[in-house]
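Dropping coords.txt in here (compact mmCIF, C-alpha atoms):
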```txt
# COMPACT_ATOMS: atom_id res chain seq x y z
CA MET A 29 0.00 0.00 0.00
CA SER A 30 1.14 3.53 -0.47
CA CYS A 31 1.19 6.48 1.88
CA LEU A 32 0.56 9.89 0.35
CA VAL A 33 2.74 12.39 2.20
CA LYS A 34 4.47 15.71 1.80
CA THR A 35 7.78 15.71 -0.05
CA ASN A 36 10.68 16.38 2.29
CA TYR A 37 13.06 18.83 0.69
CA SER A 38 15.62 18.56 3.48
CA HIS A 39 16.23 14.80 3.49
CA GLN A 40 19.94 15.53 3.71
CA LEU A 41 21.74 18.56 5.05
CA SER A 42 23.34 20.85 2.52
CA SER A 43 27.05 21.51 2.97
CA THR A 44 26.22 24.92 4.44
CA ALA A 45 23.74 23.48 6.89
CA MET A 46 26.22 20.77 7.83
CA ALA A 47 28.80 23.41 8.63
CA MET A 48 26.30 25.23 10.82
CA CYS A 49 25.43 21.99 12.56
CA SER A 50 29.06 21.25 13.35
CA SER A 51 29.42 24.64 14.96
CA PHE A 52 26.36 24.15 17.15
CA CYS A 53 26.68 20.46 18.01
CA PRO A 54 29.68 19.56 20.18
CA GLN A 55 31.71 16.59 19.04
CA ILE A 56 31.02 13.62 21.28
CA PRO A 57 34.07 11.57 22.29
CA ASN A 58 34.09 8.11 20.73
CA GLN A 59 33.94 6.40 24.10
CA LEU A 60 30.66 8.18 24.85
CA ARG A 61 28.95 7.44 21.56
CA ALA A 62 25.96 5.10 21.62
CA ARG A 63 26.81 1.66 20.24
CA PRO A 64 23.85 -0.21 18.81
CA ILE A 65 23.94 -3.80 20.00
CA CYS A 66 21.91 -5.10 17.10
CA PRO A 67 21.79 -3.54 13.61
CA PHE A 68 18.39 -2.85 12.09
CA PRO A 69 17.18 -6.09 10.50
CA THR A 70 17.45 -6.47 6.76
CA LYS A 71 13.81 -7.54 6.70
CA PRO A 72 11.97 -5.19 9.06
CA LEU A 73 8.53 -6.06 10.35
CA PHE A 74 7.02 -3.08 8.61
CA THR A 75 7.56 -1.24 5.36
CA LEU A 76 6.52 2.21 4.28
CA SER A 77 5.95 3.00 0.63
CA VAL A 78 5.93 6.68 -0.20
CA LYS A 79 4.04 8.28 -3.05
CA ALA A 80 5.33 11.84 -3.03
CA PHE A 81 4.14 15.03 -4.64
CA SER A 82 6.40 16.60 -7.27
CA SER A 83 6.25 19.98 -5.50
CA GLU A 84 8.71 20.60 -2.66
CA THR A 85 6.04 22.44 -0.68
CA SER A 86 3.11 20.10 -0.99
CA SER A 87 -0.18 20.59 0.87
CA ALA A 88 -0.14 19.99 4.63
CA SER A 89 -3.55 18.33 4.31
CA SER A 90 -2.18 15.36 2.36
CA LYS A 91 -3.84 12.07 3.34
CA ALA A 92 -2.30 8.65 3.58
CA ASP A 93 -3.84 6.11 1.24
CA GLY A 94 -2.79 3.38 3.61
CA LEU A 95 0.00 2.27 5.91
CA SER A 96 0.88 -1.22 7.05
CA ALA A 97 2.93 -0.19 10.11
CA ARG A 98 1.33 -0.29 13.52
CA ILE A 99 2.26 2.97 15.24
CA GLY A 100 2.37 3.64 18.96
CA PHE A 101 2.28 7.10 20.52
CA LEU A 102 3.18 7.74 24.17
CA GLY A 103 2.43 11.12 25.75
CA LEU A 104 -0.58 13.16 24.64
CA GLY A 105 0.13 16.62 25.99
CA ILE A 106 0.14 19.97 24.23
CA MET A 107 2.42 18.59 21.48
CA GLY A 108 1.83 14.86 21.46
CA SER A 109 -1.93 15.01 21.04
CA PRO A 110 -1.96 16.99 17.76
CA MET A 111 0.96 14.98 16.41
CA ALA A 112 -0.89 11.73 17.03
CA GLN A 113 -4.06 13.22 15.59
CA ASN A 114 -2.28 14.03 12.34
CA LEU A 115 -1.14 10.41 12.05
CA ILE A 116 -4.68 9.16 12.66
CA LYS A 117 -6.19 11.61 10.19
CA ALA A 118 -3.64 10.47 7.60
CA GLY A 119 -5.02 6.95 7.87
CA CYS A 120 -2.37 5.42 10.11
CA ASP A 121 -3.04 2.58 12.56
CA VAL A 122 -2.26 4.30 15.89
CA THR A 123 -2.27 2.97 19.46
CA VAL A 124 -2.00 5.56 22.24
CA TRP A 125 -1.12 5.82 25.92
CA ASN A 126 -1.01 8.67 28.41
CA ARG A 127 -0.63 8.78 32.19
CA THR A 128 -4.03 10.47 32.35
CA LYS A 129 -6.31 8.29 30.22
CA ILE A 130 -8.86 11.05 29.68
CA LYS A 131 -6.39 12.68 27.28
CA CYS A 132 -6.58 9.56 25.13
CA ASP A 133 -10.35 9.75 24.69
CA PRO A 134 -10.44 12.35 21.86
CA LEU A 135 -7.97 10.24 19.88
CA ILE A 136 -9.86 7.03 20.58
CA SER A 137 -12.95 8.75 19.19
CA LEU A 138 -10.97 9.41 16.00
CA GLY A 139 -10.11 5.72 15.67
CA ALA A 140 -7.02 5.20 17.82
CA LYS A 141 -6.58 2.07 19.91
CA TYR A 142 -5.65 2.27 23.59
CA LYS A 143 -3.26 0.31 25.80
CA SER A 144 -2.84 0.75 29.53
CA SER A 145 0.99 0.92 29.64
CA PRO A 146 3.94 1.93 27.45
CA GLN A 147 5.05 -1.70 27.52
CA GLU A 148 1.77 -2.87 25.99
CA VAL A 149 1.89 -0.16 23.33
CA ALA A 150 5.45 -1.07 22.30
CA ALA A 151 4.66 -4.79 22.29
CA SER A 152 1.68 -4.30 19.98
CA CYS A 153 3.30 -1.81 17.57
CA ASP A 154 6.07 -1.82 14.97
CA VAL A 155 7.31 1.69 15.75
CA THR A 156 6.58 3.70 18.89
CA PHE A 157 6.85 7.47 19.25
CA ALA A 158 7.25 9.18 22.63
CA MET A 159 6.62 12.86 23.42
CA LEU A 160 7.26 13.52 27.10
CA ALA A 161 7.64 16.74 29.07
CA ASN A 162 11.14 16.34 30.52
CA PRO A 163 14.12 13.98 30.75
CA GLU A 164 12.82 12.30 33.89
CA SER A 165 9.48 11.45 32.28
CA ALA A 166 11.12 10.33 29.04
CA LEU A 167 13.43 7.97 30.93
CA GLU A 168 10.64 6.59 33.12
CA VAL A 169 8.28 5.93 30.21
CA ALA A 170 11.01 4.24 28.18
CA CYS A 171 12.92 2.35 30.86
CA GLY A 172 10.80 2.23 34.02
CA GLU A 173 8.53 -0.51 35.26
CA HIS A 174 6.14 -1.47 32.45
CA GLY A 175 8.11 0.95 30.27
CA ALA A 176 8.31 0.80 26.50
CA ALA A 177 11.65 -1.03 26.50
CA SER A 178 9.96 -4.00 28.16
CA GLY A 179 7.76 -4.37 25.10
CA MET A 180 10.48 -3.85 22.48
CA SER A 181 12.18 -6.60 20.49
CA SER A 182 14.20 -7.12 17.32
CA GLY A 183 12.56 -5.50 14.30
CA LYS A 184 10.79 -2.78 16.28
CA GLY A 185 11.69 0.91 16.45
CA TYR A 186 11.48 3.58 19.16
CA VAL A 187 11.45 7.25 18.20
CA ASP A 188 11.78 9.73 21.07
CA VAL A 189 10.57 13.17 20.00
CA SER A 190 10.87 14.63 23.51
CA THR A 191 13.34 17.41 24.31
CA VAL A 192 15.96 15.90 26.60
CA ASP A 193 19.69 16.21 27.20
CA GLY A 194 22.13 14.05 25.26
CA ALA A 195 22.99 11.86 28.25
CA THR A 196 19.34 10.93 28.79
CA SER A 197 18.87 10.22 25.09
CA LYS A 198 21.87 7.88 25.11
CA LEU A 199 20.57 6.07 28.20
CA ILE A 200 17.21 5.49 26.51
CA GLY A 201 18.87 4.50 23.25
CA GLY A 202 21.13 2.01 24.97
CA ARG A 203 18.21 0.39 26.77
CA ILE A 204 16.19 0.15 23.55
CA ASN A 205 19.15 -1.25 21.58
CA ALA A 206 19.70 -3.88 24.27
CA THR A 207 16.34 -5.41 23.34
CA GLY A 208 17.42 -5.74 19.71
CA ALA A 209 15.20 -2.84 18.64
CA SER A 210 16.36 0.35 16.92
CA PHE A 211 16.41 3.86 18.37
CA LEU A 212 16.06 7.33 16.88
CA GLU A 213 16.00 10.61 18.76
CA ALA A 214 13.89 13.19 16.95
CA PRO A 215 13.17 16.29 19.07
CA VAL A 216 11.02 18.85 17.30
CA SER A 217 11.40 22.55 16.69
CA GLY A 218 7.97 24.15 16.85
CA SER A 219 5.17 24.66 19.34
CA LYS A 220 1.43 23.95 19.52
CA LYS A 221 0.27 25.53 16.25
CA PRO A 222 2.99 23.95 14.08
CA ALA A 223 2.14 20.62 15.74
CA VAL A 224 -1.54 21.07 14.85
CA ASP A 225 -0.70 22.17 11.31
CA GLY A 226 1.85 19.42 10.68
CA GLN A 227 4.62 21.99 10.31
CA LEU A 228 7.18 20.77 12.83
CA ILE A 229 10.91 20.47 12.17
CA PHE A 230 12.45 17.14 13.22
CA LEU A 231 16.07 17.09 14.42
CA THR A 232 16.92 13.41 14.23
CA ALA A 233 19.93 11.31 15.16
CA GLY A 234 20.58 7.64 15.70
CA ASP A 235 19.73 4.59 13.59
CA LYS A 236 19.79 5.68 9.95
CA SER A 237 17.70 2.73 8.75
CA LEU A 238 14.97 3.58 11.25
CA TYR A 239 15.14 7.22 10.17
CA GLU A 240 14.54 6.23 6.56
CA LEU A 241 11.68 3.91 7.51
CA VAL A 242 9.81 6.49 9.60
CA ALA A 243 10.49 9.40 7.25
CA PRO A 244 6.94 9.25 5.79
CA LEU A 245 5.52 9.48 9.31
CA LEU A 246 7.74 12.46 10.12
CA ASP A 247 6.53 14.08 6.91
CA ILE A 248 2.92 13.73 8.04
CA MET A 249 3.72 15.53 11.28
CA GLY A 250 6.27 18.03 10.04
CA LYS A 251 7.46 20.22 7.19
CA SER A 252 11.13 19.26 7.28
CA ARG A 253 13.58 16.86 8.88
CA PHE A 254 17.31 16.78 9.45
CA TYR A 255 19.47 13.72 10.08
CA LEU A 256 22.38 14.74 12.30
CA GLY A 257 24.31 11.52 12.85
CA ASP A 258 25.00 9.95 16.24
CA VAL A 259 22.56 9.92 19.16
CA GLY A 260 23.03 13.10 21.16
CA ASN A 261 23.39 15.42 18.19
CA GLY A 262 19.64 15.82 17.78
CA ALA A 263 19.27 16.65 21.47
CA ALA A 264 22.16 19.13 21.28
CA MET A 265 20.73 20.90 18.23
CA LYS A 266 17.32 21.25 19.87
CA LEU A 267 18.82 22.70 23.05
CA VAL A 268 20.86 25.23 21.07
CA VAL A 269 17.76 26.31 19.13
CA ASN A 270 15.67 26.69 22.29
CA MET A 271 18.48 28.51 24.07
CA ILE A 272 18.46 31.10 21.30
CA MET A 273 14.67 31.31 21.37
CA GLY A 274 14.50 31.81 25.13
CA SER A 275 17.11 34.55 25.02
CA MET A 276 15.30 36.27 22.14
CA MET A 277 12.02 36.31 24.04
CA ALA A 278 13.67 37.77 27.16
CA SER A 279 15.27 40.56 25.12
CA PHE A 280 12.02 41.22 23.26
CA SER A 281 10.22 41.55 26.59
CA GLU A 282 12.74 44.15 27.73
CA GLY A 283 12.20 46.09 24.51
CA LEU A 284 8.41 46.13 24.84
CA LEU A 285 8.57 47.42 28.40
CA LEU A 286 11.26 49.97 27.64
CA SER A 287 9.32 51.37 24.68
CA GLU A 288 6.26 51.84 26.87
CA LYS A 289 8.33 53.33 29.70
CA VAL A 290 9.72 56.09 27.44
CA GLY A 291 6.30 56.93 26.00
CA LEU A 292 6.32 54.92 22.79
CA ASP A 293 3.51 52.69 21.59
CA PRO A 294 4.72 49.07 21.96
CA SER A 295 2.32 48.03 19.18
CA VAL A 296 4.25 50.26 16.81
CA LEU A 297 7.49 48.71 18.04
CA VAL A 298 6.15 45.28 17.07
CA GLU A 299 5.33 46.60 13.60
CA VAL A 300 8.72 48.26 13.19
CA VAL A 301 10.54 45.11 14.26
CA SER A 302 8.45 42.99 11.90
CA GLN A 303 9.66 45.01 8.93
CA GLY A 304 13.35 45.07 9.75
CA ALA A 305 16.35 42.77 9.72
CA ILE A 306 15.45 41.28 13.11
CA SER A 307 11.95 40.32 11.99
CA SER A 308 10.75 37.03 13.49
CA PRO A 309 7.40 35.26 13.36
CA MET A 310 7.73 34.83 17.11
CA TYR A 311 7.73 38.60 17.67
CA SER A 312 4.78 39.32 15.39
CA THR A 313 2.77 36.40 16.79
CA LYS A 314 3.50 36.88 20.48
CA GLY A 315 3.89 40.68 20.64
CA PRO A 316 0.22 41.77 20.41
CA SER A 317 -0.92 39.39 23.17
CA MET A 318 2.06 40.28 25.37
CA ILE A 319 1.08 43.94 25.16
CA GLN A 320 -2.35 42.95 26.47
CA SER A 321 -0.76 40.80 29.21
CA MET A 322 -2.29 37.67 27.70
CA TYR A 323 -0.25 34.49 27.37
CA PRO A 324 -2.21 31.65 25.73
CA THR A 325 -0.02 28.61 26.13
CA ALA A 326 1.68 27.32 23.01
CA PHE A 327 4.99 26.46 24.70
CA PRO A 328 4.86 26.39 28.52
CA LEU A 329 7.26 28.68 30.34
CA LYS A 330 8.42 25.81 32.58
CA HIS A 331 9.57 23.91 29.50
CA GLN A 332 11.48 26.90 28.17
CA GLN A 333 13.29 27.26 31.49
CA LYS A 334 14.03 23.52 31.50
CA ASP A 335 15.56 23.77 28.04
CA LEU A 336 17.68 26.77 29.04
CA ARG A 337 18.91 24.83 32.07
CA LEU A 338 19.85 21.85 29.90
CA ALA A 339 21.50 24.10 27.31
CA LEU A 340 23.60 25.73 30.01
CA GLY A 341 24.66 22.28 31.17
CA LEU A 342 25.63 21.41 27.60
CA ALA A 343 27.66 24.62 27.34
CA GLU A 344 29.37 23.88 30.66
CA SER A 345 30.35 20.41 29.44
CA VAL A 346 32.41 21.94 26.62
CA SER A 347 33.51 25.11 28.49
CA GLN A 348 31.54 27.42 26.20
CA PRO A 349 30.58 30.75 27.81
CA THR A 350 26.86 31.56 27.47
CA PRO A 351 26.32 34.65 29.63
CA ILE A 352 23.24 35.91 27.77
CA ALA A 353 21.45 32.57 28.06
CA ALA A 354 22.44 32.35 31.72
CA ALA A 355 20.88 35.76 32.42
CA ALA A 356 17.73 34.79 30.51
CA ASN A 357 17.48 31.57 32.52
CA GLU A 358 17.41 33.55 35.75
CA LEU A 359 14.55 35.65 34.40
CA TYR A 360 12.50 32.55 33.58
CA LYS A 361 13.17 31.24 37.07
CA VAL A 362 11.77 34.48 38.49
CA ALA A 363 8.69 34.06 36.30
CA LYS A 364 8.22 30.51 37.61
CA SER A 365 8.42 31.80 41.18
CA HIS A 366 5.50 34.10 40.34
CA GLY A 367 3.33 31.12 39.40
CA LEU A 368 3.69 31.43 35.63
CA SER A 369 5.06 27.94 34.90
CA ASP A 370 2.06 26.78 32.89
CA GLN A 371 1.60 30.05 31.00
CA ASP A 372 3.18 30.54 27.59
CA PHE A 373 6.89 31.28 27.75
CA SER A 374 6.14 34.83 26.58
CA ALA A 375 4.86 35.41 30.14
CA VAL A 376 8.52 35.91 31.06
CA ILE A 377 7.75 39.61 30.53
CA GLU A 378 5.84 39.50 33.82
CA ALA A 379 9.10 38.81 35.65
CA LEU A 380 10.42 42.12 34.37
CA LYS A 381 7.23 43.90 35.39
CA ALA A 382 7.56 42.45 38.87
CA LYS A 383 11.10 43.74 39.13
CA LEU A 384 9.98 47.20 38.07
CA GLN A 385 7.14 47.19 40.59
CA ASN A 386 9.36 45.90 43.40
CA PRO A 387 12.76 47.57 42.97
CA PRO A 388 15.47 46.53 45.46
CA LYS A 389 15.78 48.77 48.50
```
Take the structure from the file and write it as C-alpha cells.
Amino acid sequence: MSCLVKTNYSHQLSSTAMAMCSSFCPQIPNQLRARPICPFPTKPLFTLSVKAFSSETSSASSKADGLSARIGFLGLGIMGSPMAQNLIKAGCDVTVWNRTKIKCDPLISLGAKYKSSPQEVAASCDVTFAMLANPESALEVACGEHGAASGMSSGKGYVDVSTVDGATSKLIGGRINATGASFLEAPVSGSKKPAVDGQLIFLTAGDKSLYELVAPLLDIMGKSRFYLGDVGNGAAMKLVVNMIMGSMMASFSEGLLLSEKVGLDPSVLVEVVSQGAISSPMYSTKGPSMIQSMYPTAFPLKHQQKDLRLALGLAESVSQPTPIAAAANELYKVAKSHGLSDQDFSAVIEALKAKLQNPPK
C-alpha cells in the first residue's frame, strides 16, 4: 500500500547546513557514543511505501492512502496530542497511551486504539513514538517498570521526539538497543500551532535505517527533517535552538517594556521590528498578546526554562561561555516563582514587570 505524504526537501543537510550543525553540536568523544547492540534487521517487520508530490512544498492536508505499520504514541500533551491526531487523520493505525487516560479519549474517538501501559503499546506496535515533558518522564516511560523497553524486540523501532539532554537520550537509546530494537531521537522545533498544522521540524539522530523507515511518518507531522548523525546530536541541536529562542524572548520583553516606559507605543514597536532585519514570526505572533498581558499557552514557560537549564549544562560540558542565556534563565526562574510555569513562555515579561514594581531597597 502507499502512503501519500508531503515531499521532504531537506532529506539531507546541505554543505552549508552541515557546517552550521558542526558549529552548534559539540563533538562527542568516541567512548561516549551510543553503540547499537543489534543492527536494524534487513527484513523489518514493517515497510513504508511513499508516493510523493512533485512539489517541494506540498499541501499539509495530504492524506495517507494506507500504511501497514502499527504505530504507537506515548504522551498526549500539548504537542503529542496533535501529532498523534495528524497520524490518525492520515489513515495510520495508531495505538495511544497517556498517564491520564482522559487525554486519550479524543484520539480514541478518532479511531485510535488504547493500551494501559507503554510496555503494551510497544509490544503491539512496529514503531513507537514518545513525546514527554522532561528527561525524567522520558526515561521513566522508556525504561521504568512497564516501560516501552519492556515491550520492544528485534525488528521494532522507538522514536523519542521529547526534548531531553544528550545523556538521557543515550541512556534510553542504549536500553532500547539492548532489546534488539532500533532507536532514533527526533526532538522537534515548533510549538502547539505547528504541531496542529503538521509543520514541525524534526532534528533526528541515531539509527539511519529507522530514520529512513519512519520518514513518511515524520513528513505527516512536520514540514522538514534533518538527520544529524549519532545519538546526542539531535538533542544538542534542539537545546541550542531553544536557548536562542528563550534569550530572544527575554530581550524582546525588555524592549516592549522599555518602549512603553519612554512613552512609545509598543504596538508600533512590534510593527517596526516585523519590517526590519530582526523580523521574526515569534515577535509578530507573540507581541500583540504580550502587550495585552495575555499568554495563551503554546509552549509552557516551565519547558522553556528547563531547556535553558539543559543548554547551560551542555555549554558547561564543553567550556563554552553563554552569559546571555544564563541571564535569561534567571529571568524565567523568576517568572516561575510568580506562578507562571504553565503560562506561555512569553509570560517571562511579567518577571520584568515584577522587578519594576518591586525595585530593590
Top pick for closest residue to Ala158 (chain A), considering A:Ala326, A:Leu212, A:Ala233, A:Ile377 and counting only C-alpha atoms: A:Leu212
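For Ser281 (chain A), the non-local neighbours within 12 Å, defined as residues at least 6 positions apart in the same chain or in other chains and counting all atoms listed in the file, are Gly274, Ser275, Ser287, Glu288, Pro294, Leu297, Val298, Met310, Tyr311, Lys314, Gly315, Pro316, Ser317, Met318, Ile319, Ser321, Ala356, Leu359, Tyr360, Phe373, Ser374, Ala375, Val376, Ile377, Glu378, Ala379, Leu380 and Lys381 of chain A.
Computed from the coordinates, the CA of Val187 (chain A) to CA of Tyr239 (chain A) distance equals 8.8 Å.
Taking only C-alpha atoms, the non-local environment of Val296 (chain A) within 10 Å (same-chain residues fewer than 4 positions away omitted) comprises Leu284, Ser287, Leu292, Val300, Val301 and Ser302 of chain A.
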Which polymer residues have any atom within 12 Å of an atom of Val169 (chain A), counting all atoms listed in the file, with same-chain residues fewer than 5 positions away left out, as a PyMOL selection string? chain A and resi 101-103+125-127+145-150+156-164+174-179+186+188+190+200+203-204
What does the distance between CA of Val362 (chain A) and CA of Leu267 (chain A) come to in Å, to one decimal place?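 Value for the CA of Val362 (chain A)-CA of Leu267 (chain A) distance: 20.7 Å.
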Shell of 10 Å around Ala353 (chain A), all atoms listed in the file, local chain residues under 4 positions omitted, as a ChimeraX atom specification: /A:271-276,278,336-337,339-340,349,357-359
So how far away is CA of Ala343 (chain A) from CA of Ala264 (chain A), in Å? 9.9 Å
For Lys220 (chain A): contacts at 10 Å, only C-alpha atoms, fewer than 5 positions along chain excluded, given as an MDAnalysis selection string: chainID A and resid 105:111 225:228 325:328
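The point (23.8, 13.3, 23.1) has these residues within 7 Å of it, counting only C-alpha atoms: Asp193, Gly194, Ala195, Ser197, Lys198, Val259, Gly260, Asn261, Ala263 and Ala264 of chain A.
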For Leu256 (chain A), which of A:Asp293, A:Glu282, A:Asp335, A:Glu213 is the closest residue, counting all atoms listed in the file?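 Nearest to Leu256 (chain A): A:Glu213.
Here the question is which of A:Ser345, A:Ser96, A:Thr191, A:Thr128 gets nearest to Leu241 (chain A) using all atoms listed in the file, and that residue is A:Ser96.
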Step by step, gather every atom of region 330-334 of chain A that the file lists, find the box along x, y and z that holds them, add 6 Å on each side, and finally give centre and edge lengths in Å to one decimal, as AutoDock Vina command-line options.
```
--center_x 11.2 --center_y 25.4 --center_z 30.4 --size_x 17.6 --size_y 15.7 --size_z 16.4
```
Measuring atom to atom with only C-alpha atoms, identify which of A:Gly201, A:Gly172, A:Gly208, A:Pro244 is nearest to Ala97 (chain A).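 Nearest candidate to Ala97 (chain A) out of A:Gly201, A:Gly172, A:Gly208, A:Pro244: A:Pro244.
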Provide region 198-256 of chain A of the preceding structure as a file containing C-alpha atoms, as a JSON list (two decimals), in the first residue's frame.
```
[["chain", "number", "residue", "atom", "x", "y", "z"],
["A", 198, "LYS", "CA", 21.87, 7.88, 25.11],
["A", 199, "LEU", "CA", 20.57, 6.07, 28.20],
["A", 200, "ILE", "CA", 17.21, 5.49, 26.51],
["A", 201, "GLY", "CA", 18.87, 4.50, 23.25],
["A", 202, "GLY", "CA", 21.13, 2.01, 24.97],
["A", 203, "ARG", "CA", 18.21, 0.39, 26.77],
["A", 204, "ILE", "CA", 16.19, 0.15, 23.55],
["A", 205, "ASN", "CA", 19.15, -1.25, 21.58],
["A", 206, "ALA", "CA", 19.70, -3.88, 24.27],
["A", 207, "THR", "CA", 16.34, -5.41, 23.34],
["A", 208, "GLY", "CA", 17.42, -5.74, 19.71],
["A", 209, "ALA", "CA", 15.20, -2.84, 18.64],
["A", 210, "SER", "CA", 16.36, 0.35, 16.92],
["A", 211, "PHE", "CA", 16.41, 3.86, 18.37],
["A", 212, "LEU", "CA", 16.06, 7.33, 16.88],
["A", 213, "GLU", "CA", 16.00, 10.61, 18.76],
["A", 214, "ALA", "CA", 13.89, 13.19, 16.95],
["A", 215, "PRO", "CA", 13.17, 16.29, 19.07],
["A", 216, "VAL", "CA", 11.02, 18.85, 17.30],
["A", 217, "SER", "CA", 11.40, 22.55, 16.69],
["A", 218, "GLY", "CA", 7.97, 24.15, 16.85],
["A", 219, "SER", "CA", 5.17, 24.66, 19.34],
["A", 220, "LYS", "CA", 1.43, 23.95, 19.52],
["A", 221, "LYS", "CA", 0.27, 25.53, 16.25],
["A", 222, "PRO", "CA", 2.99, 23.95, 14.08],
["A", 223, "ALA", "CA", 2.14, 20.62, 15.74],
["A", 224, "VAL", "CA", -1.54, 21.07, 14.85],
["A", 225, "ASP", "CA", -0.70, 22.17, 11.31],
["A", 226, "GLY", "CA", 1.85, 19.42, 10.68],
["A", 227, "GLN", "CA", 4.62, 21.99, 10.31],
["A", 228, "LEU", "CA", 7.18, 20.77, 12.83],
["A", 229, "ILE", "CA", 10.91, 20.47, 12.17],
["A", 230, "PHE", "CA", 12.45, 17.14, 13.22],
["A", 231, "LEU", "CA", 16.07, 17.09, 14.42],
["A", 232, "THR", "CA", 16.92, 13.41, 14.23],
["A", 233, "ALA", "CA", 19.93, 11.31, 15.16],
["A", 234, "GLY", "CA", 20.58, 7.64, 15.70],
["A", 235, "ASP", "CA", 19.73, 4.59, 13.59],
["A", 236, "LYS", "CA", 19.79, 5.68, 9.95],
["A", 237, "SER", "CA", 17.70, 2.73, 8.75],
["A", 238, "LEU", "CA", 14.97, 3.58, 11.25],
["A", 239, "TYR", "CA", 15.14, 7.22, 10.17],
["A", 240, "GLU", "CA", 14.54, 6.23, 6.56],
["A", 241, "LEU", "CA", 11.68, 3.91, 7.51],
["A", 242, "VAL", "CA", 9.81, 6.49, 9.60],
["A", 243, "ALA", "CA", 10.49, 9.40, 7.25],
["A", 244, "PRO", "CA", 6.94, 9.25, 5.79],
["A", 245, "LEU", "CA", 5.52, 9.48, 9.31],
["A", 246, "LEU", "CA", 7.74, 12.46, 10.12],
["A", 247, "ASP", "CA", 6.53, 14.08, 6.91],
["A", 248, "ILE", "CA", 2.92, 13.73, 8.04],
["A", 249, "MET", "CA", 3.72, 15.53, 11.28],
["A", 250, "GLY", "CA", 6.27, 18.03, 10.04],
["A", 251, "LYS", "CA", 7.46, 20.22, 7.19],
["A", 252, "SER", "CA", 11.13, 19.26, 7.28],
["A", 253, "ARG", "CA", 13.58, 16.86, 8.88],
["A", 254, "PHE", "CA", 17.31, 16.78, 9.45],
["A", 255, "TYR", "CA", 19.47, 13.72, 10.08],
["A", 256, "LEU", "CA", 22.38, 14.74, 12.30]]
```
